[in-house]
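With TSV, C-alpha atoms inside, this is run_8.tsv:
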```tsv
chain	number	residue	atom	x	y	z
S	9	MET	CA	85.93	137.00	-42.41
S	10	LYS	CA	83.02	135.95	-44.60
S	11	PHE	CA	80.89	138.48	-46.38
S	12	PRO	CA	77.25	137.35	-46.93
S	13	ASN	CA	75.40	138.15	-50.09
S	14	ARG	CA	73.54	141.44	-49.75
S	15	VAL	CA	71.20	143.35	-52.01
S	16	ALA	CA	73.22	146.10	-53.71
S	17	VAL	CA	72.24	149.77	-53.32
S	18	THR	CA	71.37	151.22	-56.70
S	19	LEU	CA	73.19	154.52	-57.12
S	20	LEU	CA	71.70	155.19	-60.53
S	21	SER	CA	68.26	155.66	-58.99
S	22	ARG	CA	69.56	158.71	-57.08
S	23	LEU	CA	70.80	160.52	-60.24
S	24	PRO	CA	68.94	162.61	-62.84
S	25	LEU	CA	67.49	160.49	-65.60
S	26	ALA	CA	69.81	161.65	-68.37
S	27	LEU	CA	72.95	161.15	-66.30
S	28	ALA	CA	71.70	157.77	-65.10
S	29	LEU	CA	71.17	156.61	-68.69
S	30	CYS	CA	74.69	157.67	-69.64
S	31	LEU	CA	76.21	155.90	-66.69
S	32	SER	CA	74.18	152.74	-67.30
S	33	MET	CA	75.47	152.64	-70.91
S	34	THR	CA	79.02	153.19	-69.68
S	35	PHE	CA	79.03	150.48	-67.06
S	36	ALA	CA	76.74	147.92	-68.68
S	37	PRO	CA	79.57	146.00	-70.50
S	38	SER	CA	81.47	145.51	-67.24
S	39	LEU	CA	78.43	144.06	-65.51
S	40	VAL	CA	77.88	141.60	-68.33
S	41	SER	CA	81.48	140.45	-68.26
S	42	GLN	CA	81.31	139.81	-64.52
S	43	THR	CA	78.38	137.45	-64.80
S	44	GLN	CA	79.58	135.39	-67.76
S	45	ASN	CA	81.64	133.14	-65.47
S	46	VAL	CA	78.58	131.72	-63.73
S	47	PRO	CA	77.98	128.26	-65.28
S	48	PRO	CA	74.58	127.53	-66.78
S	49	PRO	CA	72.36	124.85	-65.19
S	50	LYS	CA	73.03	121.27	-66.29
S	51	ASN	CA	69.45	120.01	-65.97
S	52	PRO	CA	67.41	122.11	-68.41
S	53	ASP	CA	64.70	119.46	-68.52
S	54	THR	CA	64.00	119.32	-64.75
S	55	GLY	CA	62.27	122.66	-64.27
S	56	PRO	CA	62.91	126.40	-64.35
S	57	GLN	CA	66.29	127.60	-63.05
S	58	THR	CA	66.75	130.87	-61.21
S	59	ASN	CA	70.18	131.57	-62.69
S	60	THR	CA	68.83	131.69	-66.22
S	61	ASP	CA	65.37	133.15	-65.88
S	62	GLU	CA	64.75	134.99	-62.63
S	63	SER	CA	61.15	135.74	-63.53
S	64	SER	CA	60.09	132.11	-64.02
S	65	GLY	CA	62.07	130.38	-61.26
S	66	PRO	CA	61.37	130.19	-57.53
S	67	ALA	CA	62.06	133.24	-55.38
S	68	MET	CA	62.87	133.78	-51.74
S	69	ARG	CA	61.22	136.68	-49.96
S	70	ASP	CA	63.59	138.57	-47.68
S	71	ARG	CA	61.70	139.16	-44.43
S	72	THR	CA	64.76	140.72	-42.74
S	73	LYS	CA	64.71	144.10	-44.51
S	74	PRO	CA	62.49	146.34	-46.67
S	75	GLN	CA	62.12	145.24	-50.28
S	76	GLN	CA	64.75	146.66	-52.63
S	77	GLU	CA	64.58	147.56	-56.28
S	78	GLU	CA	67.50	145.58	-57.61
S	79	ASN	CA	68.66	141.96	-57.54
S	80	PRO	CA	72.31	141.40	-56.59
S	81	VAL	CA	74.86	140.65	-59.30
S	82	GLN	CA	76.83	137.59	-58.21
S	83	THR	CA	80.02	136.05	-59.50
S	84	LEU	CA	81.41	132.63	-58.70
S	85	LYS	CA	85.07	131.67	-58.29
S	86	VAL	CA	85.91	127.97	-58.41
S	87	ASN	CA	89.19	126.14	-57.98
S	88	VAL	CA	88.90	123.68	-60.85
S	89	ASP	CA	92.14	121.78	-60.15
S	90	VAL	CA	91.50	120.40	-56.66
S	91	VAL	CA	88.52	118.44	-55.36
S	92	SER	CA	88.01	118.81	-51.61
S	93	LEU	CA	85.71	116.50	-49.65
S	94	LEU	CA	84.46	116.73	-46.06
S	95	PHE	CA	83.27	113.52	-44.42
S	96	ASN	CA	83.05	111.55	-41.20
S	97	VAL	CA	83.68	107.91	-40.42
S	98	LYS	CA	81.76	105.52	-38.16
S	99	ASP	CA	82.33	101.99	-36.94
S	100	LYS	CA	79.77	99.20	-37.26
S	101	GLY	CA	78.06	100.41	-34.11
S	102	GLY	CA	77.57	103.91	-35.53
S	103	HIS	CA	80.20	105.54	-33.31
S	104	LEU	CA	82.28	108.34	-34.81
S	105	LEU	CA	85.96	107.65	-35.45
S	106	PRO	CA	87.76	111.02	-35.36
S	107	ASN	CA	91.41	109.90	-35.08
S	108	LEU	CA	92.19	107.98	-38.26
S	109	ASN	CA	95.18	108.82	-40.47
S	110	LYS	CA	95.63	109.41	-44.18
S	111	ASP	CA	96.89	105.88	-44.94
S	112	GLU	CA	93.51	104.47	-43.92
S	113	PHE	CA	91.73	106.04	-46.90
S	114	GLN	CA	91.41	105.57	-50.64
S	115	VAL	CA	89.57	107.93	-53.00
S	116	ILE	CA	87.99	106.61	-56.20
S	117	GLU	CA	86.51	108.84	-58.91
S	118	ASP	CA	84.44	107.22	-61.64
S	119	GLY	CA	86.06	103.89	-60.82
S	120	LYS	CA	89.66	105.20	-60.90
S	121	PRO	CA	91.89	105.55	-57.80
S	122	GLN	CA	93.06	109.10	-57.10
S	123	ASN	CA	96.24	110.42	-55.51
S	124	ILE	CA	95.44	112.12	-52.18
S	125	LYS	CA	97.14	115.54	-51.99
S	126	TYR	CA	96.17	116.55	-48.47
S	127	PHE	CA	94.35	115.14	-45.47
S	128	LYS	CA	93.48	116.43	-42.00
S	129	SER	CA	90.95	116.24	-39.21
S	130	GLU	CA	88.70	119.27	-39.65
S	131	SER	CA	87.00	120.77	-36.62
S	132	GLU	CA	88.06	124.43	-36.77
S	133	LEU	CA	87.17	125.36	-40.35
S	134	PRO	CA	84.40	128.03	-40.31
S	135	LEU	CA	80.93	126.54	-40.41
S	136	THR	CA	77.87	128.01	-42.13
S	137	ILE	CA	74.49	126.45	-41.29
S	138	GLY	CA	71.11	127.06	-42.86
S	139	ILE	CA	68.04	125.99	-40.88
S	140	LEU	CA	64.97	125.38	-43.07
S	141	LEU	CA	61.67	125.27	-41.18
S	142	ASP	CA	58.60	123.68	-42.75
S	143	THR	CA	55.75	126.02	-41.78
S	144	SER	CA	52.96	124.27	-43.67
S	145	ALA	CA	49.84	123.01	-41.89
S	146	SER	CA	51.37	119.63	-41.03
S	147	GLN	CA	53.84	121.32	-38.65
S	148	GLU	CA	51.44	123.38	-36.52
S	149	ALA	CA	51.81	121.37	-33.30
S	150	VAL	CA	55.58	120.85	-33.55
S	151	LEU	CA	56.71	124.29	-34.76
S	152	PRO	CA	57.11	125.74	-31.22
S	153	ILE	CA	59.37	122.79	-30.31
S	154	GLU	CA	61.44	123.29	-33.47
S	155	GLN	CA	61.87	126.98	-32.74
S	156	GLU	CA	63.06	126.46	-29.18
S	157	VAL	CA	65.28	123.42	-29.73
S	158	GLY	CA	66.67	124.80	-33.01
S	159	ALA	CA	67.66	128.09	-31.39
S	160	LYS	CA	69.44	126.23	-28.56
S	161	PHE	CA	71.28	124.05	-31.09
S	162	LEU	CA	72.63	127.04	-32.98
S	163	GLN	CA	73.59	128.74	-29.73
S	164	ARG	CA	75.64	125.65	-28.78
S	165	ILE	CA	77.31	124.88	-32.09
S	166	LEU	CA	78.20	128.32	-33.47
S	167	ARG	CA	81.67	129.63	-32.69
S	168	LYS	CA	82.98	133.13	-33.31
S	169	ASP	CA	83.80	132.51	-37.01
S	170	ASP	CA	80.62	130.54	-37.73
S	171	GLU	CA	77.33	131.85	-39.08
S	172	ALA	CA	73.75	130.71	-39.54
S	173	PHE	CA	70.68	131.79	-41.50
S	174	LEU	CA	67.02	130.83	-41.20
S	175	ILE	CA	64.44	130.11	-43.90
S	176	SER	CA	60.81	129.08	-43.60
S	177	PHE	CA	58.85	127.44	-46.41
S	178	ASP	CA	55.17	126.79	-47.00
S	179	VAL	CA	53.35	128.42	-49.95
S	180	ASN	CA	56.27	130.88	-49.92
S	181	VAL	CA	59.96	130.67	-49.21
S	182	ASP	CA	60.96	133.35	-46.68
S	183	LEU	CA	64.36	134.42	-45.42
S	184	LEU	CA	63.70	135.03	-41.71
S	185	GLN	CA	67.28	135.77	-40.66
S	186	ASP	CA	70.32	136.42	-42.83
S	187	PHE	CA	73.84	135.31	-41.92
S	188	THR	CA	74.46	135.98	-38.24
S	189	ASN	CA	76.41	134.79	-35.22
S	190	SER	CA	74.11	136.57	-32.79
S	191	GLU	CA	72.03	134.48	-30.38
S	192	ARG	CA	69.51	137.32	-30.17
S	193	ASP	CA	69.11	137.52	-33.95
S	194	ILE	CA	68.71	133.76	-34.22
S	195	ARG	CA	65.95	133.65	-31.61
S	196	LYS	CA	64.23	136.63	-33.19
S	197	GLY	CA	64.33	134.96	-36.60
S	198	MET	CA	62.99	131.70	-35.17
S	199	GLN	CA	60.02	133.50	-33.64
S	200	MET	CA	59.14	135.02	-37.02
S	201	ALA	CA	58.22	131.58	-38.35
S	202	LYS	CA	54.44	131.21	-38.60
S	203	ILE	CA	52.23	128.43	-39.93
S	204	ASN	CA	50.83	129.30	-43.35
S	205	ALA	CA	48.39	126.76	-44.75
S	206	GLY	CA	47.68	128.67	-47.96
S	207	GLY	CA	46.61	131.94	-49.49
S	208	ASN	CA	45.81	133.75	-52.69
S	209	VAL	CA	48.97	135.76	-53.20
S	210	GLY	CA	52.51	134.43	-53.12
S	211	GLY	CA	56.08	135.56	-53.25
S	212	ALA	CA	57.59	137.93	-55.75
S	213	PRO	CA	59.34	136.69	-58.90
S	214	GLY	CA	62.30	138.82	-57.82
S	215	ILE	CA	63.11	140.99	-54.84
S	216	GLY	CA	61.16	144.22	-55.05
S	217	GLN	CA	58.77	143.11	-57.80
S	218	GLY	CA	55.04	142.72	-57.39
S	219	PRO	CA	53.17	139.67	-56.02
S	220	ILE	CA	52.08	136.85	-58.25
S	221	ALA	CA	49.18	134.42	-57.95
S	222	ILE	CA	49.91	130.99	-56.46
S	223	GLN	CA	47.99	127.84	-55.70
S	224	PRO	CA	46.03	128.03	-52.43
S	225	LYS	CA	48.09	125.27	-50.79
S	226	GLY	CA	51.66	124.09	-51.01
S	227	THR	CA	54.90	123.14	-49.31
S	228	LEU	CA	57.75	124.49	-51.42
S	229	LEU	CA	60.39	122.16	-50.01
S	230	TYR	CA	62.46	121.65	-53.17
S	231	ASP	CA	62.36	125.35	-54.03
S	232	ALA	CA	63.54	126.19	-50.49
S	233	VAL	CA	66.51	123.81	-50.65
S	234	PHE	CA	67.48	125.12	-54.08
S	235	LEU	CA	67.31	128.75	-52.98
S	236	ALA	CA	69.19	128.11	-49.74
S	237	ALA	CA	71.99	126.30	-51.56
S	238	HIS	CA	72.17	128.40	-54.72
S	239	ASP	CA	71.45	131.88	-53.38
S	240	LYS	CA	72.91	131.67	-49.86
S	241	LEU	CA	75.64	129.00	-49.67
S	242	ARG	CA	77.17	128.83	-53.13
S	243	SER	CA	79.50	131.82	-52.63
S	244	GLU	CA	80.39	130.93	-49.02
S	245	VAL	CA	83.64	129.21	-48.05
S	246	GLY	CA	84.40	126.60	-45.39
S	247	ARG	CA	82.05	123.90	-44.16
S	248	LYS	CA	78.42	124.27	-45.14
S	249	ALA	CA	75.29	122.44	-44.00
S	250	LEU	CA	71.53	122.65	-44.45
S	251	ILE	CA	69.26	121.25	-41.75
S	252	LEU	CA	65.65	120.65	-42.78
S	253	LEU	CA	62.87	120.27	-40.22
S	254	THR	CA	60.00	118.81	-42.23
S	255	ASP	CA	57.85	115.76	-42.91
S	256	GLY	CA	59.61	115.53	-46.29
S	257	GLU	CA	56.52	116.11	-48.41
S	258	ASP	CA	56.74	118.65	-51.24
S	259	GLN	CA	53.67	120.22	-52.79
S	260	GLY	CA	53.76	122.93	-55.41
S	261	SER	CA	57.49	123.57	-55.93
S	262	GLN	CA	58.47	124.90	-59.35
S	263	LEU	CA	61.64	122.83	-59.20
S	264	LYS	CA	62.16	119.11	-58.68
S	265	LEU	CA	64.15	117.07	-56.19
S	266	GLN	CA	67.00	116.72	-58.71
S	267	ASP	CA	67.30	120.52	-58.98
S	268	ALA	CA	67.53	120.84	-55.20
S	269	LEU	CA	70.10	118.05	-55.04
S	270	GLU	CA	72.21	119.53	-57.83
S	271	ALA	CA	72.21	122.96	-56.16
S	272	ALA	CA	73.31	121.40	-52.86
S	273	GLN	CA	76.08	119.46	-54.60
S	274	LYS	CA	77.33	122.53	-56.46
S	275	SER	CA	77.44	124.54	-53.24
S	276	ASP	CA	79.25	121.72	-51.37
S	277	ALA	CA	76.47	121.68	-48.76
S	278	ILE	CA	75.77	118.71	-46.52
S	279	VAL	CA	72.02	118.19	-46.10
S	280	TYR	CA	70.41	116.75	-42.97
S	281	THR	CA	66.69	116.16	-42.62
S	282	LEU	CA	65.10	115.87	-39.18
S	283	LEU	CA	61.84	114.15	-40.12
S	284	ILE	CA	59.15	115.67	-37.93
S	285	SER	CA	55.36	116.11	-38.15
S	286	ASP	CA	52.24	116.66	-36.04
S	287	SER	CA	51.21	113.03	-36.24
S	288	GLY	CA	54.67	111.74	-35.44
S	289	VAL	CA	54.55	109.48	-38.51
S	290	ALA	CA	55.98	110.37	-41.90
S	291	ALA	CA	53.42	109.63	-44.59
S	292	GLY	CA	53.77	109.24	-48.35
S	293	THR	CA	57.12	109.24	-50.14
S	294	GLY	CA	58.77	112.09	-48.24
S	295	ALA	CA	61.12	109.95	-46.14
S	296	GLY	CA	62.50	108.08	-49.16
S	297	LEU	CA	63.05	111.25	-51.19
S	298	MET	CA	64.78	112.94	-48.25
S	299	ASN	CA	67.06	109.92	-47.90
S	300	LYS	CA	68.20	110.43	-51.49
S	301	LEU	CA	68.81	114.15	-50.98
S	302	CYS	CA	70.77	113.66	-47.76
S	303	ASP	CA	72.74	110.55	-48.69
S	304	GLN	CA	74.00	112.08	-51.95
S	305	THR	CA	75.33	115.16	-50.12
S	306	GLY	CA	76.99	113.40	-47.18
S	307	GLY	CA	74.21	113.96	-44.65
S	308	ARG	CA	71.42	111.71	-43.44
S	309	VAL	CA	67.78	111.53	-42.34
S	310	ILE	CA	66.95	111.29	-38.64
S	311	HIS	CA	63.40	110.34	-37.64
S	312	VAL	CA	62.17	112.34	-34.65
S	313	GLY	CA	58.38	112.00	-34.99
S	314	ASN	CA	56.83	114.67	-32.78
S	315	ASN	CA	59.06	113.94	-29.78
S	316	ARG	CA	61.01	116.80	-28.20
S	317	ASP	CA	63.69	114.54	-26.68
S	318	LYS	CA	64.32	112.84	-30.01
S	319	LEU	CA	64.63	116.24	-31.69
S	320	GLU	CA	67.21	117.37	-29.13
S	321	LYS	CA	69.18	114.14	-29.58
S	322	ALA	CA	69.02	114.52	-33.36
S	323	PHE	CA	70.48	118.02	-33.17
S	324	ASP	CA	73.21	116.68	-30.85
S	325	GLN	CA	74.07	113.99	-33.41
S	326	VAL	CA	74.28	116.56	-36.20
S	327	ALA	CA	76.52	118.78	-34.06
S	328	SER	CA	78.87	115.88	-33.28
S	329	GLU	CA	79.13	114.88	-36.94
S	330	LEU	CA	79.82	118.43	-38.11
S	331	ARG	CA	82.55	118.79	-35.48
S	332	SER	CA	84.17	115.40	-36.23
S	333	GLN	CA	84.91	115.67	-39.93
S	334	TYR	CA	87.90	114.86	-42.07
S	335	SER	CA	89.02	116.90	-45.06
S	336	ILE	CA	90.60	115.15	-48.01
S	337	GLY	CA	91.75	116.67	-51.30
S	338	TYR	CA	93.00	115.42	-54.63
S	339	THR	CA	93.68	116.56	-58.18
S	340	PRO	CA	91.40	114.44	-60.40
S	341	THR	CA	92.98	112.39	-63.17
S	342	ASN	CA	90.07	113.48	-65.35
S	343	ASN	CA	90.97	117.14	-65.95
S	344	ARG	CA	88.25	117.88	-68.52
S	345	HIS	CA	86.19	120.99	-67.73
S	346	ASP	CA	82.98	119.65	-69.25
S	347	GLY	CA	80.51	120.41	-66.46
S	348	GLY	CA	79.78	116.71	-66.03
S	349	PHE	CA	79.00	114.88	-62.81
S	350	ARG	CA	81.80	112.75	-61.36
S	351	LYS	CA	81.03	109.92	-58.94
S	352	VAL	CA	83.31	109.81	-55.90
S	353	GLU	CA	83.75	107.12	-53.28
S	354	ILE	CA	85.93	107.16	-50.16
S	355	LYS	CA	86.92	103.77	-48.80
S	356	THR	CA	88.75	102.67	-45.66
S	357	LYS	CA	91.04	99.67	-45.25
S	358	ASP	CA	89.00	98.34	-42.34
S	359	GLY	CA	85.64	98.75	-44.04
S	360	TYR	CA	84.34	101.56	-41.83
S	361	LYS	CA	81.23	103.45	-42.88
S	362	VAL	CA	82.13	106.73	-44.62
S	363	GLN	CA	79.50	109.45	-44.68
S	364	ALA	CA	80.41	111.71	-47.61
S	365	ARG	CA	78.85	113.25	-50.69
S	366	LYS	CA	78.67	110.90	-53.63
S	367	GLY	CA	80.17	113.18	-56.27
S	368	TYR	CA	80.63	116.66	-57.68
S	369	TYR	CA	80.08	118.69	-60.83
S	370	ALA	CA	83.22	119.54	-62.80
S	371	ALA	CA	83.71	123.12	-63.89
S	372	ALA	CA	82.59	124.01	-67.40
S	373	SER	CA	85.04	125.66	-69.81
```
Re-express the file's structure as structure tokens.
Amino acid sequence: MKFPNRVAVTLLSRLPLALALCLSMTFAPSLVSQTQNVPPPKNPDTGPQTNTDESSGPAMRDRTKPQQEENPVQTLKVNVDVVSLLFNVKDKGGHLLPNLNKDEFQVIEDGKPQNIKYFKSESELPLTIGILLDTSASQEAVLPIEQEVGAKFLQRILRKDDEAFLISFDVNVDLLQDFTNSERDIRKGMQMAKINAGGNVGGAPGIGQGPIAIQPKGTLLYDAVFLAAHDKLRSEVGRKALILLTDGEDQGSQLKLQDALEAAQKSDAIVYTLLISDSGVAAGTGAGLMNKLCDQTGGRVIHVGNNRDKLEKAFDQVASELRSQYSIGYTPTNNRHDGGFRKVEIKTKDGYKVQARKGYYAAAS
């Protein structure tokens, strides 16, 4: 059973002040030691990072419960000796090939062949899905379609050990529904999504803290992906995917595309973007940037315009790909724990198209 991240209840706030101070001094060293294992960000020059400075980085407002006074303390456990990759394979016509065997594949890391330790078809491993809804002004006409079709998709794909969560993003990033397997909760969370074209007050720098001023307009796409991957998926196990319903245009994020990509890679999340907008045509550079985000994580971009049938077919394609994956694992010949990025390529003897993430970040000593 998976246990989602939850905001901890602060017992000290229920004690007399003097006793609370004593207890905080007693337990403070243990809290520090628990958080020292979380690796620092590797891109200090690409924008503020929430795991180093919570007050300056992006924040996600939790719309599912009353605001709390404390942020959760999180620890991260990583198996540094085995690299595990989830992927699917297609023929030249784009049809999934779910019945290949281990001998068909070769894994290459930074140009060097690797010895495959295990291989299997993976359709039963628990699946965690995050749906990210763009609720900026460009989505006003298509949001009702996204809500209905998205809820039906989750109802179809989720099995008893699977979970989903919902996030909306505009000038804020809002958690609409935390991890759940309940059809009722999913539909309720979907209906909470509302178009927000701008305002004068934004999200809090941390859960429970006061509001801060923001720009009157924005679409915090990169911040939303970062928060979904880093705050929600990073401590989950099993298969993980983020599905973005957006026109791909970011405006006003504190972080950059590279930060969002790195967070997705570190959480082992596959990112899909269903490119959708009122006009039916993606404008600007959004489509190209989403292609980079998705391709590097083993997902892809699907253009749906503002067409309901195309959106339903896109969700069906995503469901088929997530249920037709292979799992392959190896112990890398490069055993340095330097936190560096390692490029990975999976090849087949017959030249089939492999849809997989393009690398991973090694653990830091």
Do you have the atom CA of S:Tyr126-atom CA of S:Lys98 distance handy?
20.9 Å
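Among the candidates S:Glu257, S:Glu353, S:Glu171, S:Glu270, the residue lying nearest to S:Ser285 is S:Glu257 (atoms considered: all atoms listed in the file).
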For S:Lys125, work out the shell of residues within 9 Å, counting all atoms listed in the file and skipping chain neighbours fewer than 3 positions away, then give it as a ChimeraX atom specification.
/S:90,336-339
Suppose you want the space between atom CA of S:Ile139 and atom CA of S:Leu174; what is it in Å?
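About the pair atom CA of S:Ile139 and atom CA of S:Leu174: they are 5.0 Å apart.
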Counting only C-alpha atoms, the option among S:Ile124, S:Leu108, S:Val115, S:Val181 closest to S:Ala232
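Looking at the shortest contact to S:Ala232, the residue is S:Val181.
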Between atom CA of S:Ser328 and atom CA of S:Leu228, what is the spacing in Å?
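Computing it gives 29.1 Å between the two atoms.
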Counting only C-alpha atoms, which residue out of S:Asp142, S:Ala295, S:Gln147, S:Ile137 sits closest to S:Ile194?
S:Ile137
Calculated over all atoms listed in the file, which of the candidates S:Ile165, S:Ile175, S:Ala237, S:Leu104 has the smallest distance to S:Ala201?
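Closest residue, counting all atoms listed in the file: S:Ile175.
Comparing the minimum interatomic distances between S:Met298 and each of S:Leu265, S:Asp276, S:Met68, S:Leu141, counting only C-alpha atoms, we find that S:Leu265 sits nearest.
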List the neighbours of S:Ile310 out to 7 Å using all atoms listed in the file; skip same-chain residues closer than 2 positions along the sequence, and give me the result as a PyMOL selection string.
chain S and resi 281-283+308+312+322
Write out as a list in words the residues lying within 9 Å of S:Asn180, counting all atoms listed in the file and excluding same-chain residues fewer than 3 positions away.
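Non-adjacent residues within range: Ala67, Met68, Arg69, Ser176, Phe177, Asn204, Gly210, Gly211, Gly226, Thr227, Leu228 and Ala232 of chain S.
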